[in-house]
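*Asks:* Following this message is one structure expressed as structure tokens.
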Amino acid sequence: MKIPVLPISYRDARLLFDVIGGDVAPVSWRGAMPVTYRIGGQNAVRIRLKVLFNWDLRPAYNVLAKLTGSEYPDQWIIRGNHHDAWVIGAHDPASGMVALLEQARATAVLTKSGWKPRRTIVFCAWDAEEPGLLGSTEWVEEHGSELDKNAVAYINTDGNSRGFLKTFEGSHSLQLMAVQATQDVTDPQTGVPISDRLRALLLIDSGDSPATEVSLRLEAPGCGSDYSPFIQHLGIASLNLGFSGEGTGGEYHTMFDTYDHYCRHLDPKFEYGIALTTLCGLVTLRLVEADLVPFDFEAQAATIKDYAIELEEVAGKMRETTARHNAWLEEGIYELVADPVDPKSPPEPKAAVPYLNFAPLNNAVDRLQAAANRYAKAQTRLLSGELTLSTSAMAELNQILFRSERTLIREKGLPGRPWFRHQLYAPGRYTGYSVKTLPGIREAIEERQWDEVDGQIEQAATHLEELAETINRATHLIAGN
Ligand SMILES: [Zn+2]
């Protein structure tokens, strides 16, 4: 289906709403404008829409700065934010961009004092993010083979404002390191670690059935900023970080996103700009300076297990509701509830949901968890000094660790979307920015493509087995057999 889409202003939309008649739209179809939403009536209204586009080709400029590492020049930590805006863009993207610039300035001060980074740092200011992540995507595609070999991790920010570390998403192999960093940065308003404040928010949000213990977890990365090409196209472990929740907005992507608005309503003291700089600086330096890049596979394996369990539950639930739906059809239940004055034909029957074979996925997840546990033990022995490695073995080990995320990339990509190649995370085919985890399997289930599901399960399992093998190689390198 190809339906053209055009964002329009409130004033233009209002004219269209005024002429749409018919039934009132169901609640879930309504937007936030102060009008009665209708779905269109018997009497068609013809509208002549004249749309003017500017098709000028314009160059886009990415600005990059590279500080070469003294020990591992071929291991890159990449830190990016976009610099283009729809209009003025004080919040989106400048508030994130200034945090990046401040981090770069602080890095330069360190360098002048004689410090040399062990790994290479690349600072990136992306252009043309708003029209479709163009700047970062072109750069990632252009430098694909170098990045595949050398990129350790990518750290992204975007608009930032007063509040909580609500944007806390990324690759779960980086979760342990990211959570530790949140414990070491102070929330400017309350003086407690930002992790404590975020945990408190999650507890309150858990509502009627509060979790007794809320542990911080990274959200799965979807789409919507420049981390997407790094994680979803190349399998570079990525983080996306940002504060929000207490700045009063409404200016997003409009001409009201001005410096004045930002200073009044979003982060009046720029304190959260400093907090974001500190957090990203800490994460970058830990990745740059660590003897062993801080990848942790236990959290990654546990998260994947949760995703697998959830998928089985989704399929089970669909099986139940489908069976019930078909039974109600046969019993004439839908006809009995139909309004005789306004009769509507009953819904169509649905194909029964077959029992699916999740065994390959579950077996692969088990192997992954075992590999992750073994690696954690070996890593502890190495970091405590009980075991030691030669310089060249350490270099090889680091390489295995940061390239582990690449095992989740499938050359051919996801069904119908060859550019999105990560087997764990992808923006949903129909969900805009928001993520689908284990997307190949999940979307086959959700779209009731039962013939596809087993193949997608096999495929994801193969990649998880490969990840487990890679982790085993790292363990072997540290501890032998
Ligand atoms: Zn942005």
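Letters A, B, ... go to the chains of the structure tokens in the order shown; residues in each chain start at 1; ligands are counted from 1 in the same order.
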What parts of stretch 163-336 of chain A does DSSP call alpha helix (DSSP H)? I'd like the answer as a ChimeraX atom specification.
*Replies:* /A:175-183,194-205,227-228,234,259-261,271-289,297-331,333-336
*Asks:* Residues of stretch 47-79 of chain A that have any atom at most 10 Å from an atom of stretch 86-105 of chain A: could you tabulate them with the shortest-distance atom pair and the distance in Å to one decimal, using only C-alpha atoms, ordered by chain and increasing number, as a Markdown table?
*Replies:*
```
| residue | atom | partner | partner_atom | distance |
| --- | --- | --- | --- | --- |
| A:Ala65 | CA | A:Ala104 | CA | 8.9 |
| A:Leu67 | CA | A:Ala104 | CA | 10.0 |
| A:Arg79 | CA | A:Leu100 | CA | 7.7 |
```
*Asks:* Quick one: everything within 9 Å of stretch 427-441 of chain A, counting only C-alpha atoms, minus sequence neighbours fewer than 4 positions away in the same chain. Send it as a list in words.
*Replies:*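 These residues fall inside the cut-off: Ala220, Pro221, Gly222, Cys223, Gly224, Ser225, Ile304, Tyr307, Ala308, Leu311, Leu414, Pro415, Gly416, Arg417, Phe420, His422, Gln423, Ile445, Glu446, Glu452, Val453, Asp454, Gly455, Gln456, Ile457, Gln459 and Ala460 of chain A.
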*Asks:* Using only C-alpha atoms and all ligand atoms, can you tell me which of A:Gly242, A:Gly144, A:Gly191, A:Gly170 comes closest to ligand 1?
*Replies:*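 Distance minimum relative to ligand 1 lands on A:Gly242.
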*Asks:* Write out as number ranges by chain which residues come within 7 Å of A:Val24 when counting only C-alpha atoms, dropping same-chain ones fewer than 4 positions away.
*Replies:* A: 36-39
*Asks:* Taking only stretch 161-390 of chain A into account, list the residues labelled strand (DSSP E or B) by DSSP (computed from the backbone), as a PyMOL selection string.
*Replies:* chain A and resi 163-170+186+193+219+238-245
*Asks:* Generate the output file for the selected residues, N, CA, C and O atoms, as a PDB file, in the first residue's frame.
*Replies:*
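The result, written out as part17.pdb:
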```
ATOM      1  N   GLY A 163      14.978  16.949  34.230  1.00  0.00           N
ATOM      2  CA  GLY A 163      14.181  15.783  34.607  1.00  0.00           C
ATOM      3  C   GLY A 163      15.009  14.537  34.883  1.00  0.00           C
ATOM      4  O   GLY A 163      16.027  14.590  35.557  1.00  0.00           O
ATOM      5  N   PHE A 164      14.535  13.436  34.333  1.00  0.00           N
ATOM      6  CA  PHE A 164      15.102  12.117  34.630  1.00  0.00           C
ATOM      7  C   PHE A 164      15.870  11.595  33.419  1.00  0.00           C
ATOM      8  O   PHE A 164      15.640  12.045  32.296  1.00  0.00           O
ATOM      9  N   LEU A 165      16.707  10.612  33.636  1.00  0.00           N
ATOM     10  CA  LEU A 165      17.432  10.005  32.520  1.00  0.00           C
ATOM     11  C   LEU A 165      16.461   9.043  31.807  1.00  0.00           C
ATOM     12  O   LEU A 165      16.616   7.835  31.842  1.00  0.00           O
ATOM     13  N   LYS A 166      15.444   9.655  31.195  1.00  0.00           N
ATOM     14  CA  LYS A 166      14.386   8.830  30.597  1.00  0.00           C
ATOM     15  C   LYS A 166      14.844   8.167  29.314  1.00  0.00           C
ATOM     16  O   LYS A 166      14.309   7.134  28.931  1.00  0.00           O
ATOM     17  N   THR A 167      15.756   8.819  28.586  1.00  0.00           N
ATOM     18  CA  THR A 167      16.321   8.155  27.413  1.00  0.00           C
ATOM     19  C   THR A 167      17.536   7.392  27.879  1.00  0.00           C
ATOM     20  O   THR A 167      18.606   7.956  28.130  1.00  0.00           O
ATOM     21  N   PHE A 168      17.342   6.099  28.059  1.00  0.00           N
ATOM     22  CA  PHE A 168      18.397   5.229  28.567  1.00  0.00           C
ATOM     23  C   PHE A 168      18.231   3.926  27.798  1.00  0.00           C
ATOM     24  O   PHE A 168      17.550   3.008  28.234  1.00  0.00           O
ATOM     25  N   GLU A 169      18.774   3.917  26.602  1.00  0.00           N
ATOM     26  CA  GLU A 169      18.529   2.760  25.734  1.00  0.00           C
ATOM     27  C   GLU A 169      19.795   2.378  24.996  1.00  0.00           C
ATOM     28  O   GLU A 169      20.712   3.179  24.852  1.00  0.00           O
ATOM     29  N   GLY A 170      19.814   1.141  24.519  1.00  0.00           N
ATOM     30  CA  GLY A 170      20.985   0.704  23.769  1.00  0.00           C
ATOM     31  C   GLY A 170      21.218  -0.788  23.850  1.00  0.00           C
ATOM     32  O   GLY A 170      20.338  -1.553  24.250  1.00  0.00           O
ATOM     33  N   THR A 186      25.767  12.816  39.627  1.00  0.00           N
ATOM     34  CA  THR A 186      24.813  13.384  40.595  1.00  0.00           C
ATOM     35  C   THR A 186      23.698  14.145  39.875  1.00  0.00           C
ATOM     36  O   THR A 186      23.958  14.919  38.966  1.00  0.00           O
ATOM     37  N   PRO A 193      22.418  10.250  43.241  1.00  0.00           N
ATOM     38  CA  PRO A 193      22.830   9.734  41.932  1.00  0.00           C
ATOM     39  C   PRO A 193      21.638   9.703  40.960  1.00  0.00           C
ATOM     40  O   PRO A 193      20.506   9.450  41.387  1.00  0.00           O
ATOM     41  N   GLU A 219      16.552   0.358  27.799  1.00  0.00           N
ATOM     42  CA  GLU A 219      15.456   0.057  26.870  1.00  0.00           C
ATOM     43  C   GLU A 219      16.080  -0.412  25.559  1.00  0.00           C
ATOM     44  O   GLU A 219      17.196  -0.016  25.209  1.00  0.00           O
ATOM     45  N   SER A 238      25.682   0.259  20.874  1.00  0.00           N
ATOM     46  CA  SER A 238      25.361   1.687  20.934  1.00  0.00           C
ATOM     47  C   SER A 238      24.588   2.034  22.200  1.00  0.00           C
ATOM     48  O   SER A 238      23.922   1.174  22.783  1.00  0.00           O
ATOM     49  N   LEU A 239      24.695   3.309  22.579  1.00  0.00           N
ATOM     50  CA  LEU A 239      23.889   3.845  23.676  1.00  0.00           C
ATOM     51  C   LEU A 239      23.230   5.126  23.206  1.00  0.00           C
ATOM     52  O   LEU A 239      23.812   5.868  22.417  1.00  0.00           O
ATOM     53  N   ASN A 240      22.016   5.389  23.696  1.00  0.00           N
ATOM     54  CA  ASN A 240      21.342   6.653  23.429  1.00  0.00           C
ATOM     55  C   ASN A 240      20.908   7.200  24.779  1.00  0.00           C
ATOM     56  O   ASN A 240      20.191   6.519  25.519  1.00  0.00           O
ATOM     57  N   LEU A 241      21.383   8.418  25.149  1.00  0.00           N
ATOM     58  CA  LEU A 241      21.199   8.926  26.497  1.00  0.00           C
ATOM     59  C   LEU A 241      20.610  10.332  26.482  1.00  0.00           C
ATOM     60  O   LEU A 241      20.995  11.148  25.632  1.00  0.00           O
ATOM     61  N   GLY A 242      19.701  10.609  27.416  1.00  0.00           N
ATOM     62  CA  GLY A 242      19.164  11.971  27.474  1.00  0.00           C
ATOM     63  C   GLY A 242      18.224  12.166  28.660  1.00  0.00           C
ATOM     64  O   GLY A 242      17.552  11.227  29.094  1.00  0.00           O
ATOM     65  N   PHE A 243      18.189  13.398  29.175  1.00  0.00           N
ATOM     66  CA  PHE A 243      17.295  13.748  30.281  1.00  0.00           C
ATOM     67  C   PHE A 243      16.030  14.410  29.748  1.00  0.00           C
ATOM     68  O   PHE A 243      16.074  15.155  28.761  1.00  0.00           O
ATOM     69  N   SER A 244      14.912  14.166  30.430  1.00  0.00           N
ATOM     70  CA  SER A 244      13.645  14.815  30.068  1.00  0.00           C
ATOM     71  C   SER A 244      12.623  14.557  31.176  1.00  0.00           C
ATOM     72  O   SER A 244      12.904  13.855  32.136  1.00  0.00           O
ATOM     73  N   GLY A 245      11.442  15.112  31.011  1.00  0.00           N
ATOM     74  CA  GLY A 245      10.334  14.781  31.921  1.00  0.00           C
ATOM     75  C   GLY A 245       9.883  15.936  32.797  1.00  0.00           C
ATOM     76  O   GLY A 245       8.796  15.903  33.361  1.00  0.00           O
TER      77      GLY A 245
END
```
*Asks:* Might you pull out every residue within 9 Å of A:Ser70, with only C-alpha atoms counted and same-chain residues fewer than 4 positions away left off, and present them as a list in words?
*Replies:* Lys116, Pro117, Arg118, Arg119 and Thr120 of chain A
*Asks:* For a quick check of understanding, using only C-alpha atoms, which of A:Asn62, A:Asn363, A:Asn357, A:Thr475 has the smallest distance to A:Ala315?
*Replies:*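 Using only C-alpha atoms, A:Ala315 sits closest to A:Asn357.
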*Asks:* Calculated over only C-alpha atoms, which of the candidates A:Leu329, A:Ile400, A:Ala474, A:Leu287 has the smallest distance to A:Lys377?
*Replies:*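 Nearest to A:Lys377: A:Ala474.
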*Asks:* Excluding same-chain residues fewer than 3 positions from A:Lys66, what lies within 9 Å of it counting only C-alpha atoms, as a list in words?
*Replies:*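 Listing them by chain and then by number gives Thr120, Ile121, Val122, Phe123 and Cys124 of chain A.
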*Asks:* Those residues with N, CA and C atoms, as a PDB file, in the first residue's frame please?
*Replies:*
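Ended up saving to selection-v1.pdb:
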```
ATOM      1  N   THR A 120      41.030   5.386  20.407  1.00  0.00           N
ATOM      2  CA  THR A 120      40.695   6.563  19.600  1.00  0.00           C
ATOM      3  C   THR A 120      39.290   7.074  19.932  1.00  0.00           C
ATOM      4  N   ILE A 121      39.148   8.393  20.034  1.00  0.00           N
ATOM      5  CA  ILE A 121      37.819   8.999  20.229  1.00  0.00           C
ATOM      6  C   ILE A 121      37.447   9.755  18.950  1.00  0.00           C
ATOM      7  N   VAL A 122      36.235   9.537  18.464  1.00  0.00           N
ATOM      8  CA  VAL A 122      35.755  10.285  17.296  1.00  0.00           C
ATOM      9  C   VAL A 122      34.510  11.064  17.718  1.00  0.00           C
ATOM     10  N   PHE A 123      34.577  12.401  17.643  1.00  0.00           N
ATOM     11  CA  PHE A 123      33.395  13.239  17.918  1.00  0.00           C
ATOM     12  C   PHE A 123      32.720  13.560  16.591  1.00  0.00           C
ATOM     13  N   CYS A 124      31.385  13.417  16.543  1.00  0.00           N
ATOM     14  CA  CYS A 124      30.660  13.611  15.274  1.00  0.00           C
ATOM     15  C   CYS A 124      29.483  14.557  15.481  1.00  0.00           C
TER      16      CYS A 124
END
```
*Asks:* May I have the residues within 9 Å of A:Leu464 as a ChimeraX atom specification, using only C-alpha atoms and disregarding those fewer than 5 positions away in the same chain?
*Replies:* /A:361,364-365,367-368,407-408,423,459,469
*Asks:* Please produce an output containing C-alpha atoms for each residue in the selection, written as a PDB file, in the first residue's frame.
*Replies:*
```pdb
ATOM      1  CA  LEU A 361      15.576 -20.318  20.307  1.00  0.00           C
ATOM      2  CA  ALA A 364      20.385 -21.083  21.920  1.00  0.00           C
ATOM      3  CA  VAL A 365      19.454 -18.768  24.809  1.00  0.00           C
ATOM      4  CA  ARG A 367      23.859 -21.837  25.582  1.00  0.00           C
ATOM      5  CA  LEU A 368      24.265 -18.078  25.535  1.00  0.00           C
ATOM      6  CA  THR A 407      27.320 -11.690  15.293  1.00  0.00           C
ATOM      7  CA  LEU A 408      23.759 -10.390  15.603  1.00  0.00           C
ATOM      8  CA  GLN A 423      18.419  -9.773  14.910  1.00  0.00           C
ATOM      9  CA  GLN A 459      17.572 -17.772  12.007  1.00  0.00           C
ATOM     10  CA  GLU A 469      30.614 -19.208  20.392  1.00  0.00           C
TER      11      GLU A 469
END
```
*Asks:* Taking only C-alpha atoms into account, which of A:Thr107, A:Ala395, A:Pro346, A:Ala128 comes nearest A:Ile333?
*Replies:*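 Once distances to A:Ile333 are computed over only C-alpha atoms, the minimum belongs to A:Pro346.
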